[in-house]
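Single-structure report; data block below.
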Amino acid sequence: MTLDAFVQLVVLPLLGGGIVLAFVRLVRGPSLPDRVVALDLMATLIIAISAAYAVATGQPAYLDAAIVLALITFLGTVAFAYYLHRRGGGA
């Protein structure tokens, strides 16, 4: 089995399943921090999908998009942590 086939047949479906599970956690909650962590996980899985697809197809442009998404996700997580700190807790 080549690397391309392994990525397409094993890695991408597993990452897609992880996104579905994280989406369930995003919808069900129960608290705002749980939902934010689920959204952060979904962004991380999308970054992993983009990186795996870039490796499988040999298209480095997908890695650039993954880096930009990772930076935006990091800034969002920091902003949310600051918001919770200012609010005085969170759960």
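Just so we're on the same page: first chain in the structure tokens is A, next is B, and so on; residues restart at 1 for each chain, and ligands are numbered from 1 in the order they show up.
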- prompt: Do you know which residues are at most 12 Å from Leu71 (chain A) counting only C-alpha atoms, after dropping those on the same chain fewer than 5 positions away, and could you put them as number ranges by chain?
  reply: A: 40, 43-44, 47, 64-66, 76-78
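Around Met42 (chain A), within 12 Å and counting only C-alpha atoms, the residues found are Leu15, Gly16, Gly17, Gly18, Ile19, Val20, Leu21, Ala22, Phe23, Val24, Arg25, Leu26, Arg35, Val36, Val37, Ile47, Ala48, Ile49, Leu69, Ala70 and Thr73 of chain A, once anything fewer than 5 positions away on its own chain is removed.
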Export of prior selection with all heavy atoms as a compact mmCIF listing (two decimals), in the first residue's frame:
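What landed in again_14.txt:
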```txt
# COMPACT_ATOMS: atom_id res chain seq x y z
N LEU A 15 -9.70 10.94 10.49
CA LEU A 15 -9.77 12.35 10.87
C LEU A 15 -11.18 12.90 10.67
O LEU A 15 -11.66 13.71 11.47
CB LEU A 15 -8.75 13.17 10.07
CG LEU A 15 -7.28 12.91 10.42
CD1 LEU A 15 -6.37 13.62 9.43
CD2 LEU A 15 -6.99 13.35 11.83
N GLY A 16 -11.84 12.47 9.62
CA GLY A 16 -13.23 12.88 9.40
C GLY A 16 -14.14 12.38 10.51
O GLY A 16 -15.04 13.11 10.97
N GLY A 17 -13.93 11.17 10.97
CA GLY A 17 -14.70 10.65 12.10
C GLY A 17 -14.45 11.44 13.37
O GLY A 17 -15.36 11.68 14.17
N GLY A 18 -13.21 11.88 13.55
CA GLY A 18 -12.90 12.72 14.70
C GLY A 18 -13.63 14.05 14.64
O GLY A 18 -14.09 14.57 15.66
N ILE A 19 -13.77 14.60 13.44
CA ILE A 19 -14.51 15.86 13.29
C ILE A 19 -15.98 15.65 13.64
O ILE A 19 -16.59 16.50 14.30
CB ILE A 19 -14.34 16.43 11.87
CG1 ILE A 19 -12.93 16.98 11.72
CG2 ILE A 19 -15.37 17.51 11.59
CD1 ILE A 19 -12.64 17.55 10.36
N VAL A 20 -16.54 14.53 13.23
CA VAL A 20 -17.94 14.25 13.55
C VAL A 20 -18.13 14.15 15.07
O VAL A 20 -19.07 14.72 15.63
CB VAL A 20 -18.42 12.97 12.84
CG1 VAL A 20 -19.77 12.52 13.36
CG2 VAL A 20 -18.46 13.18 11.34
N LEU A 21 -17.23 13.45 15.74
CA LEU A 21 -17.33 13.31 17.20
C LEU A 21 -17.14 14.66 17.91
O LEU A 21 -17.85 14.96 18.88
CB LEU A 21 -16.31 12.30 17.70
CG LEU A 21 -16.56 10.85 17.28
CD1 LEU A 21 -15.40 9.97 17.71
CD2 LEU A 21 -17.86 10.35 17.86
N ALA A 22 -16.22 15.47 17.41
CA ALA A 22 -16.02 16.79 18.01
C ALA A 22 -17.25 17.68 17.77
O ALA A 22 -17.61 18.48 18.63
CB ALA A 22 -14.77 17.45 17.43
N PHE A 23 -17.90 17.52 16.62
CA PHE A 23 -19.10 18.30 16.34
C PHE A 23 -20.23 17.92 17.30
O PHE A 23 -20.99 18.78 17.74
CB PHE A 23 -19.54 18.12 14.89
CG PHE A 23 -20.72 18.96 14.53
CD1 PHE A 23 -20.57 20.32 14.33
CD2 PHE A 23 -21.98 18.41 14.41
CE1 PHE A 23 -21.66 21.12 14.00
CE2 PHE A 23 -23.08 19.18 14.08
CZ PHE A 23 -22.91 20.55 13.88
N VAL A 24 -20.32 16.63 17.62
CA VAL A 24 -21.32 16.19 18.59
C VAL A 24 -21.07 16.87 19.94
O VAL A 24 -22.00 17.36 20.59
CB VAL A 24 -21.32 14.66 18.73
CG1 VAL A 24 -22.15 14.20 19.91
CG2 VAL A 24 -21.82 14.02 17.44
N ARG A 25 -19.81 16.94 20.36
CA ARG A 25 -19.48 17.60 21.62
C ARG A 25 -19.76 19.10 21.52
O ARG A 25 -20.21 19.72 22.48
CB ARG A 25 -18.00 17.36 21.97
CG ARG A 25 -17.51 18.09 23.20
CD ARG A 25 -18.36 17.93 24.43
NE ARG A 25 -18.49 16.56 24.82
CZ ARG A 25 -19.42 16.10 25.68
NH1 ARG A 25 -20.27 16.93 26.23
NH2 ARG A 25 -19.49 14.84 25.97
N LEU A 26 -19.53 19.69 20.36
CA LEU A 26 -19.81 21.10 20.16
C LEU A 26 -21.30 21.39 20.33
O LEU A 26 -21.69 22.37 20.96
CB LEU A 26 -19.34 21.55 18.77
CG LEU A 26 -19.60 22.99 18.38
CD1 LEU A 26 -18.71 23.91 19.20
CD2 LEU A 26 -19.35 23.18 16.90
N ARG A 35 -17.58 23.66 24.65
CA ARG A 35 -17.86 23.96 23.24
C ARG A 35 -16.65 24.59 22.56
O ARG A 35 -16.35 24.29 21.40
CB ARG A 35 -19.07 24.88 23.15
CG ARG A 35 -20.35 24.16 23.48
CD ARG A 35 -21.56 25.05 23.24
NE ARG A 35 -22.76 24.24 23.32
CZ ARG A 35 -23.59 24.24 24.35
NH1 ARG A 35 -23.35 25.02 25.38
NH2 ARG A 35 -24.67 23.48 24.34
N VAL A 36 -15.94 25.44 23.27
CA VAL A 36 -14.76 26.07 22.68
C VAL A 36 -13.64 25.05 22.46
O VAL A 36 -12.96 25.07 21.43
CB VAL A 36 -14.28 27.25 23.55
CG1 VAL A 36 -12.95 27.79 23.08
CG2 VAL A 36 -15.32 28.35 23.54
N VAL A 37 -13.47 24.14 23.39
CA VAL A 37 -12.46 23.10 23.22
C VAL A 37 -12.83 22.20 22.04
O VAL A 37 -11.96 21.81 21.24
CB VAL A 37 -12.30 22.27 24.52
CG1 VAL A 37 -11.49 21.02 24.29
CG2 VAL A 37 -11.65 23.13 25.59
N ILE A 47 -6.77 21.08 10.25
CA ILE A 47 -5.36 21.33 9.94
C ILE A 47 -4.66 20.01 9.61
O ILE A 47 -3.88 19.92 8.66
CB ILE A 47 -4.67 22.04 11.12
CG1 ILE A 47 -5.21 23.45 11.27
CG2 ILE A 47 -3.16 22.05 10.96
CD1 ILE A 47 -4.86 24.12 12.57
N ALA A 48 -4.96 18.96 10.38
CA ALA A 48 -4.35 17.64 10.12
C ALA A 48 -4.81 17.09 8.78
O ALA A 48 -4.01 16.49 8.05
CB ALA A 48 -4.72 16.68 11.25
N ILE A 49 -6.08 17.27 8.44
CA ILE A 49 -6.58 16.82 7.14
C ILE A 49 -5.86 17.56 6.02
O ILE A 49 -5.44 16.95 5.02
CB ILE A 49 -8.10 17.00 7.05
CG1 ILE A 49 -8.80 15.96 7.91
CG2 ILE A 49 -8.59 16.91 5.61
CD1 ILE A 49 -10.29 16.18 8.05
N LEU A 69 -4.46 28.74 9.29
CA LEU A 69 -5.56 28.31 10.16
C LEU A 69 -5.07 28.04 11.57
O LEU A 69 -5.75 28.37 12.55
CB LEU A 69 -6.25 27.08 9.58
CG LEU A 69 -7.44 26.55 10.38
CD1 LEU A 69 -8.52 27.62 10.50
CD2 LEU A 69 -7.99 25.30 9.73
N ALA A 70 -3.89 27.46 11.71
CA ALA A 70 -3.34 27.19 13.04
C ALA A 70 -3.07 28.50 13.80
O ALA A 70 -3.37 28.58 15.00
CB ALA A 70 -2.05 26.39 12.92
N THR A 73 -6.48 29.95 14.84
CA THR A 73 -7.05 29.15 15.91
C THR A 73 -6.35 29.44 17.24
O THR A 73 -7.00 29.56 18.28
CB THR A 73 -6.93 27.65 15.57
OG1 THR A 73 -7.60 27.41 14.34
CG2 THR A 73 -7.52 26.78 16.65
```
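When CA of Leu45 (chain A) is paired with CA of Thr57 (chain A), their separation reads 18.1 Å.
The space between CA of Phe6 (chain A) and CA of Leu41 (chain A) spans 22.9 Å.
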